[in-house]
Protein chains: 2
Amino acid sequence: MKTSADAPLRGAQPHCQTCSLNALCLPLSLTENDMEKLDDIIRRGRPIQKGQLLFKQGDESQSVFAVRTGALKTYTLASNGEEQITGFHLASELIGLSGYDAGKYPLTAKALETTTVCEIPMPQLDDLADDLPDLRKQLMRTMGTEIRHDQNMMLLLSKKNADERVASFLLDISQRYQRRGFSATHFRLPMSRVDISNYLGLAVETVSRVFTRFQKNEWIETQGKEIILLDNNTLYDLAGLTPVNEKCLHEA
Amino acid sequence: MKTSADAPLRGAQPHCQTCSLNALCLPLSLTENDMEKLDDIIRRGRPIQKGQLLFKQGDESQSVFAVRTGALKTYTLASNGEEQITGFHLASELIGLSGYDAGKYPLTAKALETTTVCEIPMPQLDDLADDLPDLRKQLMRTMGTEIRHDQNMMLLLSKKNADERVASFLLDISQRYQRRGFSATHFRLPMSRVDISNYLGLAVETVSRVFTRFQKNEWIETQGKEIILLDNNTLYDLAGLTPVNEKCLHEA
DNA sequence: CGTGGATTTGAATCACCTCAAAGGTCGTGG
DNA sequence: CCACGACCTTTGAGGTGATTCAAATCCACG
């Protein structure tokens, strides 16, 4: 079993057609021919370093991005300057679609570690979406998934207690790694405890205490950012999910 | 000034072309000709009574709906059966798009009062979206707006206190009525206090107390569901918005 | 090897919740 | 038209889970 420490791409993959992520990414369900057209408009830049911004709230939104390697967080700024993390984005996931029509990005995207992305200029993506029905459908699917994720977060933020939130979070990450072929029970969290607490609407100290308690109960094992899930049943139970139902935050 | 008690449509309006809401609704930015094509696939049924469901979480999703008159709430069900309201939907607003690709509605839609809707069958909308670029763009705009709304709600639910939540809520509703040509300061809330509290992630009692306190401070005046906003500046301040920035929950 | 940030732990506080009960409102049926 | 009941809203009192504040410890990195 690969671990999340492995890069999903051994070398730089300059084309969608040969990218190991294409079955999870935008090209999903595109024909070979359509995929080439999409590939033609994609720009692949140099890696972004940890802490750097991919784009900033209020910037003119010009592109949508697909994460190739690494991870990012997106967050909105409250008027008092506080940030609310709205999502973490792992390889193959799309960022920036919520600013598709708005002209400006409604949130900021910051790299959690060294990250490479595929940049898809919006005007050209827009044109292509008119020509390729499958691409349009995939874009709308992605937006629908995002809406369902956010609505699940609303449920989490307004109804779940600290334990339930952390369990939901761990299982969400677990399932997303699993879909990418990594271990569902042993992975490395790319984000800090502060980021987790912000995302879950809790204080850092609370998240820390929950992690400690989960470990005491032998539900998980933690070593810094390394996580091992020991008791999936309990975690699923806490999260309000059934292990059968593999669909978590990202799959409504 | 009209008040929200007036129906936005004097008589039944059987066509998008003559509907007073078309500038706010899906036909926005469509040409006369394209609007006719959209109009052709729209079904207009009999009114839904208060408390009735438009569709239910888990149902096969077959249509998108535009609210013609009245109001609905949409909510997701937690595993323990608790409901989390994800949105209120007033005239001209679209419901059901988040289930566009999913096959099943990821939430339930219930009428808050007698409500009429335009039903747009998804397969035909889907086909039409391939033919009419403007319609596709409008659909994606609508989904983008929904995403921004939900992310603003995440911010509200995890960072704002009770006062700030209620202020945000009142201003959101106010602005949405205003866009429809109604008074921004005097309106009738179509939903119960219980619904408001659920939506805002608070206990009913807390919402009630906040309303009482706002009234004592002469920031608002309430008479049951009737609301008058007296001190917009304070409310905007609480909500973390600037009165200049007219864009609230629905306009990121 | 030292430094600054991140994480953990402890103690005290607080905003909101829960429980309980008293009004209000609305629709229904007599 | 009024009385009744069901439900919604408001108000009060007390409890609590999570926060805040403070400080020790761990860790990554130059």
# chains A, B, ... in the order shown; residues from 1 in each chain; ligands from 1
>>> select_by_dssp(residues="region 49-191 of chain A", states="strand (DSSP E or B)", output="PyMOL selection string")
chain A and resi 53-55+60+63-69+72-77+83-89+94-95+104+108-111+115-121+182+186-188
>>> interface_residues(of="chain C", to="chain A", cutoff="10 Å", atoms="only C-alpha atoms (C1' of nucleotides)", output="PyMOL selection string")
chain C and resi 6-9
>>> interface_residues(of="chain D", to="chain B", cutoff="12 Å", atoms="only C-alpha atoms (C1' of nucleotides)", output="PyMOL selection string")
chain D and resi 7-12
>>> write_last_selection(atoms="N, CA, C and O atoms (P, O5', C5', C4', C3', O3' and C1' of nucleotides)", output="PDB file, in the first residue's frame")
ATOM      1  P    DC D   7     -49.431  20.094  17.776  1.00  0.00           P
ATOM      2  O5'  DC D   7     -48.734  21.479  17.441  1.00  0.00           O
ATOM      3  C5'  DC D   7     -49.272  22.298  16.396  1.00  0.00           C
ATOM      4  C4'  DC D   7     -48.733  23.695  16.542  1.00  0.00           C
ATOM      5  C3'  DC D   7     -47.218  23.772  16.770  1.00  0.00           C
ATOM      6  O3'  DC D   7     -46.694  24.717  15.865  1.00  0.00           O
ATOM      7  C1'  DC D   7     -48.337  25.111  18.333  1.00  0.00           C
ATOM      8  P    DC D   8     -45.125  24.747  15.586  1.00  0.00           P
ATOM      9  O5'  DC D   8     -44.790  26.284  15.827  1.00  0.00           O
ATOM     10  C5'  DC D   8     -45.709  27.280  15.393  1.00  0.00           C
ATOM     11  C4'  DC D   8     -45.537  28.520  16.213  1.00  0.00           C
ATOM     12  C3'  DC D   8     -44.068  28.925  16.437  1.00  0.00           C
ATOM     13  O3'  DC D   8     -43.910  30.260  15.993  1.00  0.00           O
ATOM     14  C1'  DC D   8     -45.276  28.968  18.478  1.00  0.00           C
ATOM     15  P    DT D   9     -42.496  30.968  15.986  1.00  0.00           P
ATOM     16  O5'  DT D   9     -42.516  31.735  17.376  1.00  0.00           O
ATOM     17  C5'  DT D   9     -43.487  32.745  17.581  1.00  0.00           C
ATOM     18  C4'  DT D   9     -43.366  33.297  18.981  1.00  0.00           C
ATOM     19  C3'  DT D   9     -41.959  33.764  19.367  1.00  0.00           C
ATOM     20  O3'  DT D   9     -42.019  35.157  19.619  1.00  0.00           O
ATOM     21  C1'  DT D   9     -42.965  32.493  21.101  1.00  0.00           C
ATOM     22  P    DT D  10     -40.738  35.991  20.000  1.00  0.00           P
ATOM     23  O5'  DT D  10     -40.801  35.984  21.596  1.00  0.00           O
ATOM     24  C5'  DT D  10     -41.922  36.557  22.235  1.00  0.00           C
ATOM     25  C4'  DT D  10     -41.872  36.274  23.718  1.00  0.00           C
ATOM     26  C3'  DT D  10     -40.607  36.765  24.435  1.00  0.00           C
ATOM     27  O3'  DT D  10     -41.002  37.714  25.419  1.00  0.00           O
ATOM     28  C1'  DT D  10     -41.196  34.561  25.103  1.00  0.00           C
ATOM     29  P    DT D  11     -39.967  38.652  26.124  1.00  0.00           P
ATOM     30  O5'  DT D  11     -39.664  37.881  27.481  1.00  0.00           O
ATOM     31  C5'  DT D  11     -40.745  37.569  28.364  1.00  0.00           C
ATOM     32  C4'  DT D  11     -40.271  36.658  29.466  1.00  0.00           C
ATOM     33  C3'  DT D  11     -38.910  37.007  30.081  1.00  0.00           C
ATOM     34  O3'  DT D  11     -39.113  37.339  31.444  1.00  0.00           O
ATOM     35  C1'  DT D  11     -39.133  34.682  29.708  1.00  0.00           C
ATOM     36  P    DG D  12     -37.959  37.830  32.412  1.00  0.00           P
ATOM     37  O5'  DG D  12     -37.580  36.487  33.186  1.00  0.00           O
ATOM     38  C5'  DG D  12     -38.579  35.803  33.929  1.00  0.00           C
ATOM     39  C4'  DG D  12     -37.987  34.543  34.529  1.00  0.00           C
ATOM     40  C3'  DG D  12     -36.607  34.719  35.168  1.00  0.00           C
ATOM     41  O3'  DG D  12     -36.653  34.175  36.481  1.00  0.00           O
ATOM     42  C1'  DG D  12     -36.608  32.871  33.707  1.00  0.00           C
TER      43       DG D  12
END
>>> interface_residues(of="chain B", to="chain A", cutoff="6 Å", atoms="only C-alpha atoms", output="list of chain:residue names")
B:Ser79, B:Gln84, B:Ser98, B:Asp101, B:Asp130, B:Pro133, B:Arg141, B:Gly144, B:Ile147, B:Asp150, B:Met154, B:Leu155, B:Ser158, B:Gly201, B:Gly240
>>> closest_atom_pairs(of="chain C", to="region 14-28 of chain D", cutoff="10 Å", atoms="only C-alpha atoms (C1' of nucleotides)", output="tab-separated table")
residue	atom	partner	partner_atom	distance
C:DG4	C1'	D:DA28	C1'	9.8
C:DG5	C1'	D:DC27	C1'	8.9
C:DA6	C1'	D:DC27	C1'	7.6
C:DT7	C1'	D:DC26	C1'	7.0
C:DT8	C1'	D:DT25	C1'	7.3
C:DT9	C1'	D:DA24	C1'	8.0
C:DG10	C1'	D:DA22	C1'	8.9
C:DA11	C1'	D:DA22	C1'	9.0
C:DA12	C1'	D:DC21	C1'	8.7
C:DT13	C1'	D:DT20	C1'	7.6
C:DC14	C1'	D:DT19	C1'	7.8
C:DA15	C1'	D:DT19	C1'	9.2
C:DC16	C1'	D:DT16	C1'	9.4
C:DC17	C1'	D:DT16	C1'	8.0
C:DT18	C1'	D:DG15	C1'	7.7
C:DC19	C1'	D:DG14	C1'	8.8
>>> select_by_dssp(residues="region 4-198 of chain A", states="helix (DSSP H, G or I)", output="PyMOL selection string")
chain A and resi 16-18+32-41+97-99+122-131+133-159+162-179+193-198
>>> residues_around(residues="Arg180 (chain A)", least_positions_apart="4", cutoff="9 Å", atoms="only C-alpha atoms (C1' of nucleotides)", output="PyMOL selection string")
chain A and resi 8+21+24+91-92+175-176
>>> atom_distance(atom1="CA of Thr18 (chain B)", atom2="CA of Asp39 (chain B)")
10.5 Å
>>> residues_around(residues="Arg68 (chain B)", least_positions_apart="5", cutoff="12 Å", atoms="only C-alpha atoms (C1' of nucleotides)", output="ChimeraX atom specification")
/B:7-16,19-22,24-26,43-48,89-95,114-119,180
